[in-house]
Each structure stands twice: as structure tokens, then as C-alpha cells.
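Report on the following structure.
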Amino acid sequence: MQKRVSLKDIAAKAGVSAALVSYVLNNRLPSRISVATAQKIRDIAGQLNYSTNQLAKSLKTNKTNTIGLIVADISNPFSANLARIIEDEAEKCQYTTIFGSSDEDPGKFDKLVHTMLNRKVDGLILSPPAKSEAVIESLQQKDIPIVLLDRYFPGIKTSYVIIDNFAASMEAVHHLLSTGRTRIGMITYDSELQHLLERKNGYIRALENNGVRVEKEWLQLVGIENNQQQIEDAVRALLSATPGVDAVLFGSNKIATSSLKLINSLSLRVPCDLAVICFDHTEMLDLFYSPVTYIKQPLEEIGELAVSYLLSNLLHNGTISTSQLKASLVIQQSTTRPDELYQAK
């Protein structure tokens, strides 16, 4: 077995002390050392294929320069894109990111948190599922630096980065009303998560503010596990309601994708017969014949702020920072005014 290259080996070849080599390789250059000497040490380290013993370093500094990231589902384009942004942003600050998916299961979420803590991550960025408040409170009691991502719990004071889901839903409904649609339905998750409640409440408030009575059948709640049959049943319930809807707001891109599969198989034309809007975008929606209007979340800003808040907490223990960002409505063909469609013909 080949002997591991040590600081002493590099020092001997460079003609300097092991302490000086350590300073250089950890980017803590003493004022007395020249740029040429520092470069010589780095070159020799490269020639000898030296690699840092991260375990020994972490034992000495009590830091591993790793952060844990737990999202709902890494296969969801929203989570995947956000995870990549966080990974890249953390890398700029010399941190490595470890990923996990909770699948909206509080038990699995708890297990992932403990697994990451056992791996000595320096902090956690979390998209917690419903009923996981106890896990978050336990982390706070242990002074583990955390930032909540995309979700938050109003009763727990901690760092978070979210969007204004209530305002985003209201804007989507106002847009549909401005196109002449008045029978607007919504399919969203049956969940206690605050951001999902705000999406539902924004939909209801927008209709009420415009004097539109919200029929019971217009609001369809489905399980967060994204069961295809359940979502299709919700679409059929909207279409068969009395009166039936002329527009639908989908509470997530997964709900939208499943719903549009059914809509595409029916004798319905989007947007002539039915206008549609969804939260978040996915490339799957690009395959639909009528480009879908969607609520765009500022992923770059969300990811960058989450990393910034976590590192700030690491440097200044206990720092709490929060942001509620504005989403934007990307208007496409699926919500075109009916009269504009007829004029185009």
C-alpha cells in the first residue's frame, strides 16, 4: 500500500517547515512568505499528489465544510434546479452539499436529518414536510444552524427563504378574470403546509374580492403523493360541476402535468374551452400544444439567499434572517382571451 503523502514530505522537498506548508495549503499566508515560495509549495504538493486528510482537519477545527440539503423530491424539476443552484453557491464558498429527499414523509425527514448530523454537516437547508415541527424545534435546541427553504412554520422563529404564495395566487386569478373567465377552479394539495395553505387562500380571496362566489366543487384537494387517478378525478369534478369551470389554477407543476394528460385526451381545447395556469414550470409542459402560463419562482435568488443565511448563521451563531420574495407571472398562450383567439382566426 502506497504511503500517504504528509505535510512533512512536502516540507522536506521544499526546504521549509511543515507549519509553513500547512499555512500555505490552507490559504493562510504569513506576511513573511513570498508569492514564489507559496507557489513552490503548492507545485510540490501537486507533484506528490497530496490530498487533505479531511477527517483529521474536521476533528481539529470541528468543521467539515459540508452542508445538508433536504428537499421534498429531488426528481421534481423545481427541487432539482434549486438543489443545483444551492450546490453551486455553496461550492463558491468552499462547502460541499449532501442531498436527500423526504418524499413529504416526516419519518423519513427525521431519519435524513439524523443521518446528516451523524456525518457532521456544519448546517442544514431544509424543505420540511408537514408535521415536522418537532424536528425543527429539536435542531434549534441543539443550536444546529438551519435555514428553511420554500416553506416555513409561523409558530417557529427561524431563518427561511420563501415566496409570497398568497400574492402569487391572487395575481394568477386576477389575470384569469382579466381575460373574461369567471368560473375559475383550483386543484391543489390537501396539506397543512403553510405555503400551500397560502396558495389556496390567495385563490379564494381573489375571487371574493371580485364578487365571484366560490362554488364548493371549484376547489379540489388532492393528496400530496401525486396519485394520477386522484388528480384525474379532480379534473373531472371541475369539468362536471354546475356550473363547470372555464379556467383552472394548478397548485404545482406535478398536478398540472397529470391534469393536462387527461385534458389532452378529452374534446377540450386550451385556451378556447379552458384556460390553465400552474405554479412553477417544467420541461414536460413545453410538450403541451398550448404553451402554459405559469408562476415563476426566483430560484437563483432563493438558492443564493438560503446559502448566505446559513453561512451567516455559522459565522454568527444564532443569527436569524428571513426573506419573502415575489414570484412573477409568465403569460403564455394557455390563458389567451377568447375574443383574441377569434380575432386571430
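Residues in the C-alpha cells are named by chain (A, B, ... in the order shown) and by number from 1 within that chain; ligands are numbered from 1 in the order shown.
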
Please identify every residue of stretch 244-291 of chain A that has at least one atom no farther than 7 Å from an atom of stretch 219-236 of chain A, counting only C-alpha atoms, and for each give the shortest atom pair and the distance in Å to one decimal, arranged by chain then increasing number, as a Markdown table.
```
| residue | atom | partner | partner_atom | distance |
| --- | --- | --- | --- | --- |
| A:Ile255 | CA | A:Ile231 | CA | 6.8 |
| A:Ser258 | CA | A:Gln228 | CA | 6.2 |
| A:Ser259 | CA | A:Glu232 | CA | 6.0 |
| A:Leu262 | CA | A:Glu232 | CA | 6.5 |
```

#### Entry: Residues within 8 Å of A:Ala172, only C-alpha atoms, excluding chain neighbours under 4 positions, as a list in words
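Using only C-alpha atoms, the neighbours found are Ala168, Leu176, Leu249, Ile277, Ile295 and Leu329 of chain A.
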
Could you turn the residues from that selection into a file that holds all heavy atoms, as a CSV table (one decimal), in the first residue's frame?
```
chain,number,residue,atom,x,y,z
A,168,ALA,N,-49.0,35.5,-5.1
A,168,ALA,CA,-48.9,34.8,-6.4
A,168,ALA,C,-50.2,34.2,-6.9
A,168,ALA,O,-50.5,34.3,-8.1
A,168,ALA,CB,-47.8,33.7,-6.3
A,176,LEU,N,-56.7,35.7,-14.9
A,176,LEU,CA,-57.7,34.9,-15.5
A,176,LEU,C,-59.0,35.7,-15.6
A,176,LEU,O,-59.7,35.7,-16.6
A,176,LEU,CB,-58.0,33.6,-14.7
A,176,LEU,CG,-56.9,32.6,-14.8
A,176,LEU,CD1,-57.1,31.5,-13.8
A,176,LEU,CD2,-56.8,32.0,-16.2
A,249,LEU,N,-56.5,26.8,-12.0
A,249,LEU,CA,-55.2,27.1,-11.4
A,249,LEU,C,-54.7,25.8,-10.8
A,249,LEU,O,-55.3,25.3,-9.9
A,249,LEU,CB,-55.3,28.3,-10.4
A,249,LEU,CG,-54.0,28.5,-9.5
A,249,LEU,CD1,-52.8,28.9,-10.4
A,249,LEU,CD2,-54.3,29.6,-8.5
A,277,ILE,N,-53.4,27.7,-15.7
A,277,ILE,CA,-52.2,28.3,-15.1
A,277,ILE,C,-51.6,27.3,-14.1
A,277,ILE,O,-52.4,26.7,-13.4
A,277,ILE,CB,-52.5,29.7,-14.4
A,277,ILE,CG1,-53.0,30.7,-15.4
A,277,ILE,CG2,-51.2,30.2,-13.7
A,277,ILE,CD1,-53.2,32.1,-14.7
A,295,ILE,N,-46.5,30.4,-12.9
A,295,ILE,CA,-46.0,31.3,-11.8
A,295,ILE,C,-44.5,30.9,-11.6
A,295,ILE,O,-44.2,29.8,-11.3
A,295,ILE,CB,-46.8,31.1,-10.5
A,295,ILE,CG1,-48.2,31.6,-10.7
A,295,ILE,CG2,-46.1,31.9,-9.4
A,295,ILE,CD1,-49.2,31.2,-9.6
A,329,LEU,N,-45.5,36.3,-12.9
A,329,LEU,CA,-46.4,35.5,-13.8
A,329,LEU,C,-45.9,35.6,-15.2
A,329,LEU,O,-45.8,36.6,-15.8
A,329,LEU,CB,-47.9,36.1,-13.7
A,329,LEU,CG,-49.0,35.3,-14.4
A,329,LEU,CD1,-49.1,33.9,-13.7
A,329,LEU,CD2,-50.3,36.1,-14.4
```

Can you pull out every residue within 12 Å of stretch 263-268 of chain A, counting only C-alpha atoms, but drop anything in the same chain fewer than 2 positions away, and send it as a PyMOL selection string? chain A and resi 231-236+238-239+246-248+256-261+270-276+285+287-290

- Task: Do a neighbour search on A:Glu215 at 9 Å with only C-alpha atoms, toss out local chain neighbours closer than 2 positions, and write the hits as a PyMOL selection string.
- Result: chain A and resi 183+185+213+217-219+241-243

Find the distance between atom CA of A:Lys142 and atom CA of A:Gly155 and write it in Å to one decimal.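 One can read the atom CA of A:Lys142 to atom CA of A:Gly155 distance as 18.2 Å.
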
- Task: Just the residues within 7 Å of A:Gly68, please, counting only C-alpha atoms, with nothing from its chain fewer than 3 positions along; format it as a PyMOL selection string.
- Result: chain A and resi 97-99+116+121+123-125

- [ ] Excluding A:Asp103 and residues on its chain fewer than 2 positions from it, collect all residues at most 6 Å away from it, counting only C-alpha atoms, and give them as an NGL selection string.
- [x] :A and (72-73 or 101 or 105)

Just the selected residues (all heavy atoms), exported as a PDB file, in the first residue's frame, please.
```
ATOM      1  N   ALA A  72     -38.178  18.026  -0.880  1.00  0.00           N
ATOM      2  CA  ALA A  72     -39.291  17.074  -0.895  1.00  0.00           C
ATOM      3  C   ALA A  72     -39.014  15.922  -1.856  1.00  0.00           C
ATOM      4  O   ALA A  72     -39.181  14.757  -1.516  1.00  0.00           O
ATOM      5  CB  ALA A  72     -40.585  17.787  -1.269  1.00  0.00           C
ATOM      6  N   ASP A  73     -38.579  16.259  -3.066  1.00  0.00           N
ATOM      7  CA  ASP A  73     -38.388  15.238  -4.097  1.00  0.00           C
ATOM      8  C   ASP A  73     -37.363  15.751  -5.102  1.00  0.00           C
ATOM      9  O   ASP A  73     -37.666  16.641  -5.894  1.00  0.00           O
ATOM     10  CB  ASP A  73     -39.720  14.940  -4.787  1.00  0.00           C
ATOM     11  CG  ASP A  73     -39.606  13.898  -5.892  1.00  0.00           C
ATOM     12  OD1 ASP A  73     -38.516  13.325  -6.064  1.00  0.00           O
ATOM     13  OD2 ASP A  73     -40.617  13.654  -6.591  1.00  0.00           O
ATOM     14  N   SER A 101     -33.987  13.384  -0.148  1.00  0.00           N
ATOM     15  CA  SER A 101     -35.398  13.666  -0.445  1.00  0.00           C
ATOM     16  C   SER A 101     -36.266  13.070   0.652  1.00  0.00           C
ATOM     17  O   SER A 101     -36.130  11.888   0.986  1.00  0.00           O
ATOM     18  CB  SER A 101     -35.811  13.051  -1.785  1.00  0.00           C
ATOM     19  OG  SER A 101     -35.085  13.602  -2.853  1.00  0.00           O
ATOM     20  N   ASP A 105     -42.519  12.784   3.748  1.00  0.00           N
ATOM     21  CA  ASP A 105     -42.737  11.838   4.848  1.00  0.00           C
ATOM     22  C   ASP A 105     -41.978  12.342   6.075  1.00  0.00           C
ATOM     23  O   ASP A 105     -40.744  12.370   6.073  1.00  0.00           O
ATOM     24  CB  ASP A 105     -42.227  10.457   4.432  1.00  0.00           C
ATOM     25  CG  ASP A 105     -42.414   9.403   5.511  1.00  0.00           C
ATOM     26  OD1 ASP A 105     -42.595   9.765   6.685  1.00  0.00           O
ATOM     27  OD2 ASP A 105     -42.372   8.208   5.179  1.00  0.00           O
TER      28      ASP A 105
END
```

Practice problem: Could you please write out, as a ChimeraX atom specification, every residue of stretch 133-189 of chain A that DSSP assigns to alpha helix (DSSP H)? | Solution: /A:133-141,165-178

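Across A:Ala45, A:Val35, A:Val71, A:Ala90, the tightest approach to A:Lys8 is made by A:Ala45 when counting only C-alpha atoms.
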